[in-house]
>>> print(open('target21.cif').read())   # mmCIF, C-alpha atoms
data_structure
#
loop_
_atom_site.label_atom_id
_atom_site.label_comp_id
_atom_site.auth_asym_id
_atom_site.auth_seq_id
_atom_site.Cartn_x
_atom_site.Cartn_y
_atom_site.Cartn_z
CA PHE O 137 7.80 -14.92 -0.36
CA PRO O 138 4.13 -14.25 0.46
CA ALA O 139 2.77 -10.73 0.78
CA ARG O 140 1.55 -9.78 4.26
CA TRP O 141 -1.53 -7.60 4.68
CA GLN O 142 0.74 -4.53 4.98
CA GLU O 143 2.23 -5.04 1.51
CA GLN O 144 -1.15 -5.94 0.05
CA ASP O 145 -2.63 -2.74 1.48
CA ALA O 146 0.28 -0.67 0.13
CA VAL O 147 -0.30 -2.07 -3.38
CA ARG O 148 -4.06 -1.58 -3.20
CA SER O 149 -3.86 2.03 -1.96
CA SER O 150 -1.16 3.03 -4.47
CA ARG O 151 -3.11 1.54 -7.38
CA ASN O 152 -6.15 3.54 -6.30
CA ALA O 153 -4.05 6.71 -6.08
CA ILE O 154 -2.72 6.16 -9.61
CA ARG O 155 -6.24 5.54 -10.91
CA ALA O 156 -7.34 8.83 -9.34
CA ILE O 157 -4.42 10.68 -10.96
CA ILE O 158 -4.99 9.35 -14.47
CA SER O 159 -8.73 10.04 -14.20
CA GLY O 160 -8.14 13.62 -13.08
CA LYS O 161 -9.70 13.15 -9.64
CA ASP O 162 -6.29 13.60 -7.98
CA ARG O 163 -4.47 16.70 -9.28
CA ARG O 164 -1.01 15.52 -8.25
CA PHE O 165 1.66 14.88 -10.88
CA MET O 166 2.92 11.28 -11.06
CA VAL O 167 6.64 10.63 -11.46
CA VAL O 168 7.92 7.12 -12.17
CA THR O 169 11.64 7.14 -11.45
CA GLY O 170 14.36 4.65 -10.68
CA PRO O 171 17.11 2.55 -12.23
CA CYS O 172 16.80 1.47 -15.86
CA SER O 173 17.02 -2.05 -14.41
CA ILE O 174 17.66 -3.69 -11.05
CA HIS O 175 20.84 -5.78 -11.13
CA ASP O 176 22.15 -5.28 -7.57
CA GLU O 177 19.44 -5.61 -4.93
CA GLU O 178 21.41 -3.80 -2.21
CA ALA O 179 22.15 -0.78 -4.39
CA GLY O 180 18.55 -0.84 -5.56
CA PHE O 181 17.28 -0.92 -1.98
CA GLU O 182 19.53 1.98 -0.99
CA TYR O 183 18.00 3.94 -3.86
CA ALA O 184 14.50 2.91 -2.73
CA THR O 185 15.22 4.07 0.82
CA ARG O 186 16.31 7.50 -0.43
CA LEU O 187 13.35 7.73 -2.78
CA ALA O 188 10.87 6.80 -0.05
CA GLY O 189 12.09 9.75 2.01
CA LEU O 190 11.85 12.10 -0.95
CA ALA O 191 8.38 10.82 -1.82
CA LYS O 192 7.11 11.81 1.62
CA GLU O 193 8.57 15.31 1.26
CA VAL O 194 6.78 16.06 -2.02
CA ARG O 195 3.63 13.95 -1.66
CA ASP O 196 1.28 16.95 -1.52
CA ARG O 197 2.00 17.72 -5.20
CA ILE O 198 3.92 14.75 -6.64
CA PHE O 199 3.10 11.05 -6.40
CA ILE O 200 6.34 9.10 -6.78
CA VAL O 201 6.46 5.50 -8.00
CA MET O 202 9.75 3.58 -8.18
CA ARG O 203 10.89 1.90 -11.37
CA VAL O 204 11.59 -1.72 -10.39
CA TYR O 205 12.43 -3.25 -13.76
CA PHE O 206 13.46 -6.91 -13.72
CA GLU O 207 13.09 -7.71 -17.45
CA LYS O 208 14.80 -5.89 -20.30
CA PRO O 209 13.65 -6.04 -23.92
CA ARG O 210 16.65 -6.13 -26.23
CA THR O 211 16.86 -4.79 -29.76
CA THR O 212 19.19 -7.70 -30.58
CA VAL O 213 21.00 -9.38 -27.66
CA GLY O 214 22.23 -8.41 -24.19
CA TRP O 215 21.54 -8.96 -20.50
CA GLU O 216 17.81 -9.65 -20.22
CA GLY O 217 17.25 -8.73 -16.59
CA LEU O 218 17.38 -10.01 -13.03
CA ILE O 219 14.55 -12.52 -13.49
CA GLN O 220 16.12 -14.12 -16.55
CA ASP O 221 19.77 -13.94 -15.48
CA PRO O 222 20.20 -13.13 -11.76
CA HIS O 223 23.89 -14.17 -11.69
CA LEU O 224 24.67 -11.82 -14.63
CA ASP O 225 26.64 -14.62 -16.31
CA GLU O 226 24.16 -16.14 -18.81
CA SER O 227 23.41 -19.06 -16.50
CA PHE O 228 19.71 -18.10 -16.65
CA ASP O 229 18.67 -19.31 -13.20
CA MET O 230 15.09 -18.05 -13.52
CA THR O 231 13.87 -19.84 -10.40
CA LEU O 232 16.28 -17.76 -8.35
CA GLY O 233 15.48 -14.70 -10.46
CA LEU O 234 11.77 -14.87 -9.66
CA ALA O 235 12.52 -15.35 -5.96
CA LYS O 236 14.87 -12.35 -5.98
CA ALA O 237 12.23 -10.25 -7.73
CA ARG O 238 9.52 -11.03 -5.16
CA ARG O 239 11.85 -10.50 -2.23
CA PHE O 240 13.00 -7.13 -3.58
CA LEU O 241 9.45 -5.94 -4.30
CA LEU O 242 8.39 -6.83 -0.76
CA ARG O 243 11.32 -4.83 0.65
CA VAL O 244 10.38 -1.77 -1.42
CA LEU O 245 6.71 -2.03 -0.45
CA GLY O 246 7.82 -2.25 3.16
CA LEU O 247 9.02 1.34 2.72
CA GLU O 248 5.47 2.30 1.64
CA LEU O 249 6.89 3.08 -1.81
CA PRO O 250 4.77 2.11 -4.87
CA THR O 251 6.38 -0.08 -7.52
CA ALA O 252 6.41 0.06 -11.32
CA THR O 253 7.71 -2.42 -13.87
CA GLU O 254 7.58 -3.31 -17.55
CA PHE O 255 6.16 -6.72 -18.35
CA VAL O 256 8.30 -8.33 -21.04
CA ASP O 257 7.25 -11.98 -20.72
CA PRO O 258 3.50 -12.78 -20.73
CA ILE O 259 3.84 -15.45 -18.01
CA THR O 260 6.00 -13.46 -15.56
CA PRO O 261 3.05 -11.42 -14.16
CA GLN O 262 1.58 -14.56 -12.58
CA TYR O 263 4.58 -14.57 -10.22
CA ILE O 264 4.98 -10.86 -9.33
CA SER O 265 1.94 -8.82 -10.43
CA ASP O 266 0.33 -8.87 -6.97
CA LEU O 267 3.24 -6.68 -5.80
CA ILE O 268 3.14 -4.15 -8.68
CA SER O 269 1.35 -0.79 -8.46
CA TRP O 270 1.73 0.27 -12.10
CA GLY O 271 2.83 -1.55 -15.23
CA ALA O 272 4.09 -0.67 -18.68
CA ILE O 273 3.96 -2.37 -22.06
CA GLY O 274 7.07 -1.39 -24.00
CA ALA O 275 7.45 0.06 -27.46
CA ARG O 276 8.44 -3.32 -28.91
CA SER O 277 5.47 -5.13 -27.33
CA ALA O 278 2.60 -2.63 -27.51
CA GLU O 279 1.39 -3.87 -30.91
CA ALA O 280 1.47 -7.58 -30.01
CA GLN O 281 -1.84 -9.26 -29.25
CA ALA O 282 -0.29 -11.38 -26.50
CA TYR O 283 0.62 -8.29 -24.44
CA ARG O 284 -2.72 -6.59 -25.03
CA ARG O 285 -4.49 -9.72 -23.79
CA MET O 286 -2.15 -9.90 -20.82
CA ALA O 287 -2.79 -6.23 -19.95
CA SER O 288 -6.54 -6.85 -20.10
CA GLY O 289 -6.23 -9.27 -17.19
CA LEU O 290 -3.88 -7.29 -14.96
CA SER O 291 -5.27 -5.59 -11.88
CA MET O 292 -3.16 -2.42 -11.94
CA PRO O 293 -3.11 0.65 -14.25
CA ILE O 294 -1.15 -0.12 -17.42
CA ALA O 295 0.50 2.29 -19.87
CA PHE O 296 1.30 1.46 -23.51
CA LYS O 297 4.32 3.13 -25.11
CA ASN O 298 4.27 4.46 -28.67
CA GLY O 299 6.16 2.30 -31.17
CA THR O 300 9.88 2.68 -31.83
CA GLY O 301 8.98 3.92 -35.31
CA GLY O 302 6.86 6.70 -33.81
CA SER O 303 3.30 5.41 -34.17
CA MET O 304 1.05 6.80 -31.44
CA GLN O 305 -1.97 5.05 -32.96
CA LEU O 306 -0.28 1.76 -32.09
CA ALA O 307 -0.36 2.67 -28.38
CA VAL O 308 -3.93 3.96 -28.59
CA ASN O 309 -5.02 0.70 -30.23
CA GLY O 310 -3.31 -1.18 -27.42
CA VAL O 311 -5.36 0.72 -24.83
CA VAL O 312 -8.59 -0.01 -26.73
CA ALA O 313 -7.76 -3.72 -26.98
CA ALA O 314 -6.72 -4.02 -23.32
CA ARG O 315 -10.01 -2.52 -22.13
CA ALA O 316 -11.92 -5.44 -23.67
CA PRO O 317 -12.33 -8.98 -22.26
CA HIS O 318 -10.10 -11.66 -23.80
CA PRO O 319 -9.47 -15.41 -23.58
CA PHE O 320 -5.91 -16.74 -23.96
CA LEU O 321 -3.65 -19.59 -22.94
CA GLY O 322 -1.64 -18.96 -19.80
CA VAL O 323 -0.87 -20.54 -16.43
CA ASP O 324 -3.21 -20.81 -13.46
CA LEU O 325 -2.34 -20.27 -9.80
CA ASP O 326 -1.03 -23.83 -9.58
CA GLY O 327 1.33 -23.30 -12.51
CA SER O 328 -0.64 -25.46 -14.94
CA VAL O 329 -1.44 -24.47 -18.52
CA ALA O 330 -4.96 -23.10 -18.56
CA GLN O 331 -7.42 -21.02 -20.52
CA ILE O 332 -7.46 -17.55 -18.98
CA ARG O 333 -10.52 -15.30 -19.33
CA THR O 334 -10.07 -11.62 -18.53
CA LEU O 335 -12.58 -8.89 -17.71
CA GLY O 336 -10.70 -6.09 -19.46
CA ASN O 337 -8.61 -3.36 -17.86
CA PRO O 338 -10.30 0.08 -17.74
CA ASP O 339 -7.20 1.81 -16.30
CA CYS O 340 -4.95 2.03 -19.34
CA PHE O 341 -3.31 5.06 -20.94
CA ILE O 342 -0.29 5.88 -23.15
CA ILE O 343 3.34 6.93 -22.78
CA LEU O 344 5.12 9.12 -25.33
CA ARG O 345 8.76 7.97 -25.39
CA GLY O 346 10.00 9.48 -28.65
CA SER O 347 10.98 7.40 -31.65
CA SER O 348 13.60 6.85 -34.33
CA ARG O 349 12.20 10.01 -35.92
CA GLY O 350 12.92 12.13 -32.86
CA PRO O 351 11.26 13.32 -29.64
CA ASN O 352 7.49 13.60 -29.20
CA TYR O 353 7.09 15.50 -25.91
CA ASP O 354 6.49 18.88 -27.61
CA GLY O 355 3.08 20.55 -27.54
CA GLU O 356 2.20 19.58 -31.11
CA SER O 357 2.98 15.90 -30.55
CA VAL O 358 1.09 15.85 -27.25
CA GLY O 359 -1.88 17.53 -28.95
CA HIS O 360 -1.85 14.92 -31.72
CA ALA O 361 -1.80 12.10 -29.16
CA MET O 362 -4.74 13.69 -27.33
CA SER O 363 -6.69 13.87 -30.60
CA LEU O 364 -6.08 10.18 -31.31
CA LEU O 365 -7.23 9.21 -27.83
CA LYS O 366 -10.39 11.31 -28.09
CA ALA O 367 -11.17 9.87 -31.52
CA ALA O 368 -11.00 6.39 -29.98
CA GLY O 369 -13.43 7.42 -27.25
CA LEU O 370 -10.74 7.45 -24.55
CA CYS O 371 -9.75 10.00 -21.93
CA PRO O 372 -6.71 11.90 -23.28
CA ASN O 373 -4.37 10.90 -20.45
CA ILE O 374 -0.67 10.88 -21.32
CA MET O 375 2.63 10.23 -19.57
CA ILE O 376 5.94 11.50 -20.99
CA ASP O 377 9.08 9.37 -20.87
CA CYS O 378 11.93 11.86 -20.40
CA SER O 379 14.50 9.23 -21.39
CA HIS O 380 14.96 7.05 -24.50
CA ASP O 381 14.35 8.89 -27.77
CA ASN O 382 12.82 11.92 -26.04
CA SER O 383 16.26 12.69 -24.63
CA GLY O 384 18.13 11.49 -27.71
CA LYS O 385 19.34 8.63 -25.47
CA ASP O 386 21.46 11.19 -23.58
CA HIS O 387 20.73 10.86 -19.85
CA ALA O 388 22.01 14.38 -19.20
CA ARG O 389 19.08 15.82 -21.18
CA GLN O 390 16.35 14.22 -19.06
CA GLY O 391 16.16 17.19 -16.71
CA SER O 392 15.61 19.58 -19.62
CA VAL O 393 12.86 17.39 -21.06
CA PHE O 394 11.19 17.15 -17.64
CA SER O 395 11.24 20.94 -17.29
CA LYS O 396 9.58 21.42 -20.69
CA VAL O 397 6.94 18.82 -19.87
CA LEU O 398 6.14 20.63 -16.62
CA GLY O 399 5.97 23.86 -18.62
CA GLN O 400 3.12 22.46 -20.71
CA ARG O 401 1.27 21.32 -17.62
CA ALA O 402 1.80 24.69 -15.93
CA LEU O 403 0.16 26.32 -18.96
CA GLY O 404 -2.94 24.25 -18.29
CA ASN O 405 -2.54 20.91 -20.08
CA ARG O 406 -3.81 18.55 -17.38
CA SER O 407 -3.87 15.65 -19.84
CA ILE O 408 -0.17 15.24 -19.07
CA VAL O 409 -0.59 13.22 -15.89
CA GLY O 410 2.99 12.17 -15.29
CA ALA O 411 6.56 11.66 -16.40
CA MET O 412 9.18 8.92 -16.30
CA ILE O 413 12.87 9.33 -15.47
CA GLU O 414 15.75 6.82 -15.51
CA SER O 415 17.76 7.45 -12.36
CA ASN O 416 20.25 5.62 -10.17
CA LEU O 417 22.55 6.29 -7.23
CA PHE O 418 25.27 7.45 -9.62
CA GLU O 419 25.00 8.76 -13.17
CA GLY O 420 25.99 7.04 -16.40
CA ARG O 421 26.30 3.37 -17.19
CA GLN O 422 28.94 0.62 -17.24
CA GLU O 423 29.61 -2.42 -19.37
CA LEU O 424 28.77 -5.84 -17.94
CA LYS O 425 32.03 -7.76 -18.34
CA ASP O 426 32.92 -9.21 -14.94
CA PRO O 427 29.96 -9.27 -12.48
CA LEU O 428 32.42 -9.15 -9.57
CA LYS O 429 34.02 -5.89 -10.74
CA LEU O 430 30.94 -3.73 -11.26
CA ALA O 431 30.85 -0.24 -9.77
CA TYR O 432 28.22 0.16 -7.06
CA GLY O 433 25.01 1.97 -7.95
CA VAL O 434 25.75 2.44 -11.66
CA SER O 435 23.44 1.11 -14.38
CA ILE O 436 24.46 -1.79 -16.62
CA THR O 437 21.70 -1.05 -19.14
CA ASP O 438 20.60 2.50 -20.13
CA SER O 439 22.49 5.51 -18.77
CA CYS O 440 20.81 7.16 -15.78
CA ILE O 441 21.06 10.47 -13.99
CA GLY O 442 22.47 10.37 -10.45
CA TRP O 443 20.67 10.78 -7.14
CA GLU O 444 21.56 14.45 -6.58
CA GLU O 445 20.07 15.50 -9.91
CA THR O 446 17.01 13.32 -9.30
CA GLU O 447 16.40 15.02 -5.96
CA SER O 448 16.88 18.45 -7.54
CA ILE O 449 14.43 17.67 -10.36
#
>>> encode(input="target21.cif", output="structure tokens")
Amino acid sequence: FPARWQEQDAVRSSRNAIRAIISGKDRRFMVVTGPCSIHDEEAGFEYATRLAGLAKEVRDRIFIVMRVYFEKPRTTVGWEGLIQDPHLDESFDMTLGLAKARRFLLRVLGLELPTATEFVDPITPQYISDLISWGAIGARSAEAQAYRRMASGLSMPIAFKNGTGGSMQLAVNGVVAARAPHPFLGVDLDGSVAQIRTLGNPDCFIILRGSSRGPNYDGESVGHAMSLLKAAGLCPNIMIDCSHDNSGKDHARQGSVFSKVLGQRALGNRSIVGAMIESNLFEGRQELKDPLKLAYGVSITDSCIGWEETESI
């Protein structure tokens, strides 16, 4: 599934737009929204089609990027994502999973809609990163050297989440590490084990996603994060995750969190460059028991808000 020049141009232009937003050169607000995870490509593409239309309507003030998450970090066990388990039955056909991921990304880019994902496996980016506009390093991975090295070699803006225990310094340290060159063992373009040398990634920032101690999107928490970034010699650019612990893991509260985040920005805090929302065609979530009996357009991982509320937000 090779990328044509149209998809390559869409990725290149969207990466540049995101760089301009996080550097303050573009005053638009960035919103990363979409399903918690992609498990049904047709439902996901219907969502992408709707989102592409909405993105064009609001593009003068809001730059929308679609969450296209194929890998899911698990606290213990559970479905690990479309790449790892595309049949949703623990058969782990990763060859098919990678093909499905590339095909889906190309379809989304064909709508001129930028893509965002979280990199959970350090080798996966070699297969899909050329089709990703923006990437995230999750709360469970942000402290690990392997992911910091990986981020240093990626060609798109990358955001590090604060740790599940609440440490913002952990995310700041991740940004500092990812900006530096690194050598590590990986795979080359022929799929062989190789020594990889990176140049460092200058386009990294942090995401506040709350923690086991509670939310961290309030003005005091944002101010503390800005202070840590400045102390590290970094631009104080921050994105707020309106889901996860910032919403108390209650999808219905995401809209309220988003409103309060916008309130801070409206009062002049331009360091808040964007927000993240978990959204799907229909709200809520469902248990993955029988893959053939799943409701259409409903998450099988985290609970999401529905399309109508997403459009309203």
>>> resolve_selection(input="target21.cif", expression="the PyMOL selection byres ((chain O and resi 370) around 12)", output="list in words")
Ile158, Ser159, Val308, Asn309, Gly310, Val311, Val312, Ala313, Arg315, Pro338, Asp339, Cys340, Phe341, Ile342, Ala361, Met362, Ser363, Leu364, Leu365, Lys366, Ala367, Ala368, Gly369, Cys371, Pro372, Asn373, Ile374 and Ser407 of chain O
>>> resolve_selection(input="target21.cif", expression="the PyMOL selection byres ((chain O and resi 196) around 12)", output="JSON, numbers by chain")
{"O": [162, 163, 164, 165, 166, 190, 191, 192, 193, 194, 195, 197, 198, 199, 200]}
>>> resolve_selection(input="target21.cif", expression="the PyMOL selection byres ((chain O and resi 224-236) around 9)", output="ChimeraX atom specification")
/O:137,175,177,206,215,217-223,237-241,260,263-264,424-427
>>> atom_distance(input="target21.cif", atom1="CA of Asn152 (chain O)", atom2="CA of Pro250 (chain O)")
11.1 Å
>>> closest_residue(input="target21.cif", among="O:Ile154, O:Val329, O:Val358, O:Ala139", to="Gln400 (chain O)", atoms="all atoms listed in the file")
O:Val358
>>> residues_around(input="target21.cif", residues="region 438-442 of chain O", least_positions_apart="3", cutoff="8 Å", atoms="all atoms listed in the file", output="list in words")
Pro171, Cys172, Asp386, His387, Ala388, Gln390, Glu414, Ser415, Asn416, Leu417, Phe418, Glu419, Gly420, Arg421, Val434, Ser435, Glu445 and Thr446 of chain O
>>> closest_residue(input="target21.cif", among="O:Pro319, O:Gly302, O:Pro261, O:Gly170", to="Gln281 (chain O)", atoms="only C-alpha atoms")
O:Pro319
>>> atom_distance(input="target21.cif", atom1="CA of Ser303 (chain O)", atom2="CA of Phe394 (chain O)")
21.8 Å
>>> residues_around(input="target21.cif", residues="Lys297 (chain O)", least_positions_apart="3", cutoff="7 Å", atoms="all atoms listed in the file", output="VMD selection string")
chain O and resid 273 to 275 278 307 342 to 345
>>> closest_residue(input="target21.cif", among="O:Val323, O:Val244, O:Met412, O:Leu428", to="Ala272 (chain O)", atoms="all atoms listed in the file")
O:Met412
>>> residues_around(input="target21.cif", residues="Leu290 (chain O)", least_positions_apart="2", cutoff="9 Å", atoms="all atoms listed in the file", output="list in words")
Pro261, Ser265, Gly271, Met286, Ala287, Ser288, Met292, Pro293, Ile294, Thr334, Gly336 and Asn337 of chain O
